[in-house]
$ cat final.txt   # compact mmCIF, C-alpha atoms and all ligand atoms
# COMPACT_ATOMS: atom_id res chain seq x y z
CA MET E 23 74.76 -33.03 48.32
CA ASN E 24 73.21 -33.71 44.92
CA SER E 25 70.62 -31.73 43.01
CA ALA E 26 67.66 -33.93 43.98
CA GLU E 27 68.49 -33.55 47.69
CA THR E 28 68.86 -29.79 47.27
CA ALA E 29 65.50 -29.70 45.48
CA SER E 30 63.78 -31.44 48.39
CA PHE E 31 64.99 -28.73 50.82
CA TRP E 32 63.72 -25.98 48.51
CA GLU E 33 60.41 -27.76 48.01
CA ALA E 34 60.02 -27.89 51.81
CA ASN E 35 60.74 -24.12 51.98
CA ALA E 36 58.58 -23.08 49.02
CA GLU E 37 55.10 -22.73 50.54
CA ILE E 38 56.04 -20.45 53.45
CA TRP E 39 58.79 -18.71 51.44
CA THR E 40 56.19 -17.67 48.86
CA GLN E 41 53.81 -16.37 51.53
CA LEU E 42 56.55 -14.37 53.24
CA VAL E 43 58.14 -12.82 50.13
CA ARG E 44 54.68 -11.89 48.85
CA ALA E 45 54.01 -10.26 52.24
CA GLY E 46 57.09 -8.07 51.63
CA TYR E 47 59.52 -9.63 54.12
CA ASP E 48 62.39 -10.13 51.63
CA VAL E 49 63.54 -6.54 52.11
CA TYR E 50 67.06 -7.19 50.76
CA ARG E 51 65.53 -8.42 47.49
CA ASP E 52 62.89 -5.72 47.17
CA GLY E 53 64.84 -2.79 48.60
CA GLN E 54 68.23 -3.39 47.05
CA ASN E 55 69.07 -6.54 45.14
CA THR E 56 66.44 -6.50 42.42
CA PRO E 57 66.51 -2.71 41.79
CA ALA E 58 70.33 -2.78 41.47
CA PHE E 59 70.16 -5.86 39.23
CA LEU E 60 67.62 -4.21 36.91
CA ALA E 61 69.64 -0.98 36.82
CA MET E 62 72.64 -2.99 35.54
CA LEU E 63 70.59 -5.02 33.02
CA PRO E 64 70.90 -4.11 29.32
CA PRO E 65 67.60 -3.49 27.48
CA VAL E 66 65.68 -6.77 27.14
CA ALA E 67 62.52 -5.68 25.28
CA GLY E 68 61.77 -8.16 22.50
CA LEU E 69 64.48 -10.61 23.64
CA ALA E 70 63.95 -14.27 24.57
CA GLY E 71 65.04 -14.71 28.19
CA LEU E 72 65.47 -17.64 30.57
CA ASP E 73 65.25 -17.06 34.34
CA ILE E 74 66.95 -19.88 36.27
CA GLY E 75 65.86 -20.62 39.83
CA CYS E 76 62.88 -18.28 39.47
CA GLY E 77 61.19 -19.14 42.79
CA GLU E 78 57.61 -17.86 42.89
CA GLY E 79 58.43 -15.69 39.87
CA GLU E 80 58.45 -12.07 41.09
CA ASN E 81 61.68 -11.19 39.28
CA THR E 82 60.66 -13.08 36.13
CA ARG E 83 57.50 -11.00 36.00
CA ARG E 84 59.56 -7.82 36.26
CA LEU E 85 61.61 -8.94 33.23
CA ALA E 86 58.43 -9.74 31.29
CA ARG E 87 57.03 -6.30 32.14
CA LEU E 88 60.22 -4.83 30.61
CA GLY E 89 59.14 -6.50 27.35
CA ALA E 90 61.20 -9.72 27.42
CA ARG E 91 59.65 -13.01 26.25
CA MET E 92 60.33 -15.08 29.37
CA THR E 93 60.75 -18.75 30.15
CA ALA E 94 61.54 -19.60 33.78
CA VAL E 95 62.61 -22.74 35.61
CA ASP E 96 62.87 -23.86 39.21
CA VAL E 97 63.48 -27.26 40.85
CA ALA E 98 60.71 -26.81 43.41
CA PRO E 99 57.25 -27.68 42.01
CA THR E 100 55.45 -25.58 44.64
CA PHE E 101 57.27 -22.43 43.51
CA ILE E 102 56.32 -23.15 39.89
CA ARG E 103 52.70 -23.76 40.88
CA TYR E 104 52.55 -20.34 42.57
CA ALA E 105 54.31 -18.70 39.60
CA GLN E 106 51.85 -20.25 37.16
CA ALA E 107 48.92 -19.09 39.30
CA ALA E 108 50.32 -15.53 39.17
CA GLU E 109 50.60 -15.85 35.38
CA ALA E 110 46.93 -16.85 35.22
CA GLU E 111 46.06 -13.65 37.12
CA GLU E 112 48.34 -11.34 35.12
CA LEU E 113 49.01 -12.63 31.61
CA LEU E 114 52.64 -11.85 30.78
CA GLY E 115 53.27 -14.80 28.47
CA ILE E 116 55.76 -16.46 30.85
CA ASP E 117 56.38 -20.18 30.35
CA TYR E 118 57.20 -21.55 33.85
CA ARG E 119 58.57 -25.09 34.12
CA VAL E 120 59.89 -27.40 36.81
CA ALA E 121 63.48 -28.08 35.70
CA ASP E 122 66.99 -28.40 37.09
CA GLY E 123 69.51 -25.66 36.29
CA LEU E 124 72.13 -28.41 35.97
CA ALA E 125 70.28 -30.04 33.04
CA LEU E 126 68.28 -27.37 31.22
CA PRO E 127 65.60 -28.90 28.96
CA PHE E 128 66.30 -26.53 26.06
CA ALA E 129 68.20 -26.79 22.79
CA ASP E 130 71.58 -25.10 22.30
CA ALA E 131 71.42 -21.36 21.49
CA SER E 132 67.71 -21.02 22.45
CA PHE E 133 67.90 -17.73 24.39
CA ASP E 134 69.13 -14.15 23.89
CA PHE E 135 69.82 -13.79 27.61
CA ALA E 136 69.64 -15.66 30.90
CA THR E 137 69.20 -14.42 34.44
CA ALA E 138 69.78 -16.13 37.76
CA PHE E 139 68.62 -14.03 40.73
CA MET E 140 70.23 -15.46 43.89
CA SER E 141 70.02 -19.05 42.73
CA LEU E 142 73.40 -20.20 41.38
CA MET E 143 74.99 -20.40 44.85
CA ASP E 144 72.11 -22.64 45.88
CA MET E 145 72.96 -25.28 43.28
CA PRO E 146 75.52 -28.04 43.57
CA GLY E 147 77.85 -28.08 40.56
CA HIS E 148 78.24 -24.40 39.71
CA ALA E 149 80.47 -25.28 36.76
CA GLN E 150 77.76 -27.46 35.28
CA ALA E 151 75.06 -24.81 35.88
CA ILE E 152 77.11 -22.06 34.19
CA GLY E 153 78.13 -24.50 31.43
CA GLU E 154 74.44 -25.19 30.77
CA ILE E 155 73.74 -21.47 30.57
CA GLY E 156 76.61 -21.03 28.10
CA ARG E 157 75.11 -23.83 26.02
CA VAL E 158 71.55 -22.45 25.80
CA LEU E 159 72.66 -18.84 25.08
CA ARG E 160 72.88 -17.85 21.46
CA PRO E 161 76.20 -16.35 20.35
CA GLY E 162 76.11 -12.69 21.41
CA GLY E 163 73.71 -13.49 24.28
CA PHE E 164 74.42 -12.73 27.95
CA LEU E 165 74.02 -14.10 31.46
CA GLN E 166 73.36 -11.72 34.35
CA ALA E 167 73.36 -13.22 37.84
CA SER E 168 73.29 -12.19 41.49
CA ILE E 169 74.84 -14.34 44.21
CA LEU E 170 75.70 -13.93 47.88
CA HIS E 171 78.96 -11.98 47.81
CA PRO E 172 81.64 -14.68 48.15
CA CYS E 173 83.99 -12.32 50.04
CA PHE E 174 81.53 -10.78 52.49
CA CYS E 175 79.09 -13.66 52.92
CA PRO E 176 81.21 -16.81 53.20
CA PRO E 177 79.97 -19.57 55.56
CA TYR E 178 80.93 -17.46 58.61
CA ARG E 179 79.59 -13.88 58.67
CA LYS E 180 78.74 -11.66 61.59
CA VAL E 181 77.56 -8.06 61.59
CA LEU E 182 79.46 -6.16 64.31
CA ARG E 183 77.55 -3.28 65.89
CA ASP E 184 78.40 -0.39 68.22
CA GLU E 185 76.56 -0.06 71.52
CA ASP E 186 73.95 2.15 69.85
CA GLY E 187 73.28 -0.59 67.26
CA ALA E 188 75.11 1.15 64.38
CA VAL E 189 76.89 -1.28 62.04
CA ARG E 190 80.66 -1.02 62.60
CA ALA E 191 82.03 -3.84 60.43
CA ILE E 192 81.36 -7.24 58.91
CA GLU E 193 83.38 -10.11 60.35
CA VAL E 194 83.97 -12.99 57.93
CA GLY E 195 85.68 -16.35 58.02
CA ARG E 196 85.83 -19.81 56.45
CA TYR E 197 86.32 -18.02 53.10
CA PHE E 198 88.42 -20.82 51.58
CA GLU E 199 86.02 -23.63 52.59
CA ALA E 200 84.07 -24.87 49.58
CA THR E 201 80.88 -26.05 51.28
CA ASP E 202 78.80 -28.80 49.74
CA GLY E 203 75.21 -28.27 50.86
CA GLU E 204 75.97 -27.15 54.40
CA LEU E 205 72.56 -26.37 55.86
CA GLU E 206 71.86 -22.83 56.96
CA SER E 207 68.84 -22.39 59.24
CA TRP E 208 67.44 -19.03 58.40
CA CYS E 209 64.38 -16.79 58.22
CA PHE E 210 63.57 -13.29 56.97
CA ARG E 211 64.87 -11.08 59.76
CA SER E 212 62.50 -8.25 58.92
CA MET E 213 59.60 -10.34 60.23
CA PRO E 214 58.34 -9.22 63.65
CA GLU E 215 59.68 -11.47 66.42
CA GLU E 216 56.23 -12.80 67.41
CA GLN E 217 55.53 -13.81 63.79
CA ARG E 218 58.95 -15.37 63.37
CA SER E 219 58.28 -17.83 66.16
CA GLN E 220 55.23 -19.14 64.26
CA PHE E 221 57.39 -20.51 61.44
CA ARG E 222 60.01 -23.22 61.33
CA PRO E 223 63.21 -21.60 59.97
CA PHE E 224 64.04 -22.37 56.33
CA GLN E 225 66.78 -24.90 55.73
CA ILE E 226 68.99 -23.76 52.91
CA PRO E 227 71.82 -25.87 51.49
CA ARG E 228 74.81 -23.59 50.87
CA PHE E 229 77.46 -24.15 48.19
CA HIS E 230 80.12 -21.52 48.89
CA ARG E 231 83.01 -20.83 46.49
CA THR E 232 85.70 -18.13 46.56
CA LEU E 233 85.53 -15.11 44.29
CA SER E 234 88.12 -16.57 41.92
CA GLY E 235 86.29 -19.90 42.09
CA TRP E 236 83.21 -18.16 40.68
CA LEU E 237 84.80 -15.87 38.12
CA ASN E 238 87.05 -18.58 36.68
CA LEU E 239 83.91 -20.53 35.74
CA LEU E 240 82.97 -17.92 33.15
CA PRO E 241 85.76 -18.42 30.58
CA ALA E 242 85.48 -22.16 31.16
CA ALA E 243 81.86 -21.89 29.92
CA GLY E 244 82.89 -19.72 26.94
CA LEU E 245 81.61 -16.50 28.56
CA VAL E 246 83.41 -13.17 28.82
CA LEU E 247 82.94 -11.01 31.93
CA GLU E 248 81.30 -7.71 30.99
CA GLU E 249 80.30 -5.96 34.24
CA LEU E 250 80.38 -6.48 38.01
CA GLY E 251 78.10 -4.84 40.57
CA GLU E 252 78.29 -4.63 44.39
CA PRO E 253 75.11 -2.92 45.58
CA THR E 254 75.20 -0.70 48.63
CA ALA E 255 72.25 1.04 50.27
CA SER E 256 71.93 4.81 49.99
CA ASP E 257 70.95 6.74 53.14
CA GLU E 258 67.50 7.16 51.61
CA THR E 259 67.18 3.38 51.11
CA VAL E 260 68.30 2.78 54.70
CA ARG E 261 65.56 5.14 55.89
CA ALA E 262 63.00 3.03 53.99
CA TYR E 263 64.64 -0.34 54.84
CA PRO E 264 66.76 0.02 58.04
CA ALA E 265 67.86 -3.64 57.81
CA LEU E 266 69.95 -2.81 54.76
CA ARG E 267 72.37 -0.66 56.80
CA ASP E 268 74.91 -3.51 56.86
CA THR E 269 75.37 -3.14 53.09
CA GLN E 270 76.87 0.31 53.69
CA ALA E 271 79.78 -1.40 55.52
CA ALA E 272 80.33 -4.10 52.86
CA PRO E 273 78.21 -5.58 50.08
CA LEU E 274 76.06 -8.63 50.72
CA PHE E 275 75.52 -9.39 47.03
CA LEU E 276 77.69 -9.69 43.95
CA HIS E 277 76.21 -9.10 40.50
CA PHE E 278 77.95 -10.14 37.30
CA ARG E 279 77.17 -10.06 33.63
CA ALA E 280 79.04 -12.18 31.11
CA ARG E 281 78.54 -12.55 27.39
CA LYS E 282 78.89 -15.41 24.95
CA PRO E 283 80.95 -13.85 22.16
CA ALA E 284 79.18 -13.50 18.81
CA GLU E 285 82.20 -15.21 17.27
CA PRO E 286 83.96 -18.13 18.99
CA LEU E 287 86.67 -16.96 21.39
CA ALA E 288 89.37 -18.83 19.48
CA LYS E 289 88.65 -16.63 16.45
CA PHE E 290 89.03 -13.47 18.55
CA LEU E 291 92.29 -14.73 19.94
CA SER E 292 93.75 -15.65 16.59
CA ARG E 293 92.64 -12.33 15.08
CA ASP E 294 94.14 -10.36 18.01
CA ALA E 295 97.33 -12.37 17.64
CA ARG E 296 97.42 -11.39 13.96
CA ILE E 297 96.92 -7.70 14.87
CA VAL E 298 99.78 -7.90 17.35
CA GLN E 299 101.95 -9.57 14.70
CA ASP E 300 101.02 -6.90 12.12
C1 LIG E 401 67.02 -17.68 47.06
S1 LIG E 401 65.83 -18.40 46.02
C2 LIG E 401 65.67 -17.13 44.78
C3 LIG E 401 64.36 -17.16 44.07
C4 LIG E 401 64.13 -16.05 43.04
N1 LIG E 401 65.11 -16.09 41.97
C5 LIG E 401 64.10 -14.69 43.69
O1 LIG E 401 65.03 -13.91 43.49
O2 LIG E 401 63.14 -14.40 44.39
C6 LIG E 401 66.79 -19.67 45.18
C7 LIG E 401 65.97 -20.46 44.18
O3 LIG E 401 66.81 -21.37 43.47
C8 LIG E 401 66.09 -22.56 43.25
N2 LIG E 401 67.02 -23.66 42.94
C9 LIG E 401 67.89 -24.27 43.77
N3 LIG E 401 68.56 -25.25 43.12
C10 LIG E 401 68.11 -25.23 41.84
C11 LIG E 401 68.43 -25.99 40.66
N4 LIG E 401 69.34 -26.97 40.69
N5 LIG E 401 67.78 -25.71 39.51
C12 LIG E 401 66.83 -24.72 39.46
N6 LIG E 401 66.49 -23.97 40.54
C13 LIG E 401 67.12 -24.22 41.72
C14 LIG E 401 65.31 -22.74 44.54
O4 LIG E 401 64.23 -23.64 44.43
C15 LIG E 401 64.89 -21.30 44.82
O5 LIG E 401 63.66 -21.00 44.21

$ encode --input "final.txt" --output "structure tokens" --more "lines below"
Ligand SMILES: C[S@@+](CC[C@H](N)C(=O)[O-])C[C@H]1O[C@@H](n2cnc3c(N)ncnc32)[C@H](O)[C@@H]1O
Amino acid sequence: MNSAETASFWEANAEIWTQLVRAGYDVYRDGQNTPAFLAMLPPVAGLAGLDIGCGEGENTRRLARLGARMTAVDVAPTFIRYAQAAEAEELLGIDYRVADGLALPFADASFDFATAFMSLMDMPGHAQAIGEIGRVLRPGGFLQASILHPCFCPPYRKVLRDEDGAVRAIEVGRYFEATDGELESWCFRSMPEEQRSQFRPFQIPRFHRTLSGWLNLLPAAGLVLEELGEPTASDETVRAYPALRDTQAAPLFLHFRARKPAEPLAKFLSRDARIVQD
């Protein structure tokens, strides 16, 4: 599936998706994923940041409130329209644009950092997307991203429960299948059943890769892995968001931060080689 086809699925999801996330039904994002992501994020005050696949912009706004000068892109025009409307209501100086993460409309070395909250695994051509990020980062800049955990959320995933409903284990399969836009029919499970039946499920094209498939993209884009995160819910979080109990058995998300070295990698390597020789 190509990027334009993917974009048309997200555009079809965008209106209802925005309503539901703004009503608080994305409990994994609000209760776990974003707080853990921000806890891992280095200070961004005063930095120029690019948020890729920003959706309706909630996470971009959080970065702007931390003091970053934000630009944000998404392929779905409806998401960008809602994000721009939010900017008009709360002026944070965010420049939202409709653009494809596979062809970023920015000059080389334009940003101090880039973020991608749960968007890279939704794009065809991960190598190209991460290559584009490497291109627009200035030397010394970083990318921090969250994706569905490749090991615990491959195309087949089932939460196994005891008779009392307690989560016992996560069953996974099809790990080695690189999917190319396989459609997942899905809705926010925290919505009450009667409300759920009012909405057509979202159709989400999935582009699964293995863990090594993801991490090997970083050096190929000139980026050096700096930190990994695998959020799990505390008992307190589970009390507030019972749905998140499955992340105590195994993580649903993988976070990674990688940096574009201030000096080209080749220089580092040759200098290290000299040190070893000395
Ligand atoms: C799961 S949503 C995450 C939205 C937002 N980052 C958040 O955390 O709420 C994935 C987003 O990626 C966007 N997306 C998918 N393919 C894209 C592409 N090629 N370029 C830019 N954005 C893309 C979708 O339109 C959607 O808004």

$ closest_residue --input "final.txt" --among "E:Gly156, E:Tyr263, E:Gly195, E:Thr137" --to "E:Arg51" --atoms "only C-alpha atoms"
E:Tyr263

$ atom_distance --input "final.txt" --atom1 "atom CA of E:Leu165" --atom2 "atom CA of E:Asn24"
23.8 Å

$ residues_near_ligand --input "final.txt" --ligand "ligand LIG 401 (chain E)" --cutoff "8 Å" --atoms "only C-alpha atoms and all ligand atoms" --output "ChimeraX atom specification"
/E:25-26,28-29,32-33,36,43,51,56,73-82,95-98,101,120-124,138-142,144-146,151

$ closest_atom_pairs --input "final.txt" --of "stretch 246-290 of chain E" --to "stretch 224-237 of chain E" --cutoff "10 Å" --atoms "all atoms listed in the file" --output "JSON lines"
{"residue": "E:Val246", "atom": "CA", "partner": "E:Leu237", "partner_atom": "CA", "distance": 9.8}
{"residue": "E:Leu247", "atom": "CA", "partner": "E:Leu237", "partner_atom": "CA", "distance": 8.1}
{"residue": "E:Leu276", "atom": "CA", "partner": "E:Leu233", "partner_atom": "CA", "distance": 9.5}
{"residue": "E:Phe278", "atom": "CA", "partner": "E:Leu237", "partner_atom": "CA", "distance": 9.0}
{"residue": "E:Ala280", "atom": "CA", "partner": "E:Leu237", "partner_atom": "CA", "distance": 9.8}

$ closest_residue --input "final.txt" --among "E:Leu205, E:Leu266, E:Val260, E:Ala284" --to "E:Gly244" --atoms "all atoms listed in the file"
E:Ala284

$ residues_around --input "final.txt" --residues "E:Ala242" --least-positions-apart "2" --cutoff "9 Å" --atoms "only C-alpha atoms" --output "CSV table (one decimal) with C-alpha atoms, keeping the file's coordinate frame"
chain,number,residue,atom,x,y,z
E,149,ALA,CA,80.5,-25.3,36.8
E,152,ILE,CA,77.1,-22.1,34.2
E,153,GLY,CA,78.1,-24.5,31.4
E,238,ASN,CA,87.0,-18.6,36.7
E,239,LEU,CA,83.9,-20.5,35.7
E,240,LEU,CA,83.0,-17.9,33.2
E,244,GLY,CA,82.9,-19.7,26.9
E,245,LEU,CA,81.6,-16.5,28.6
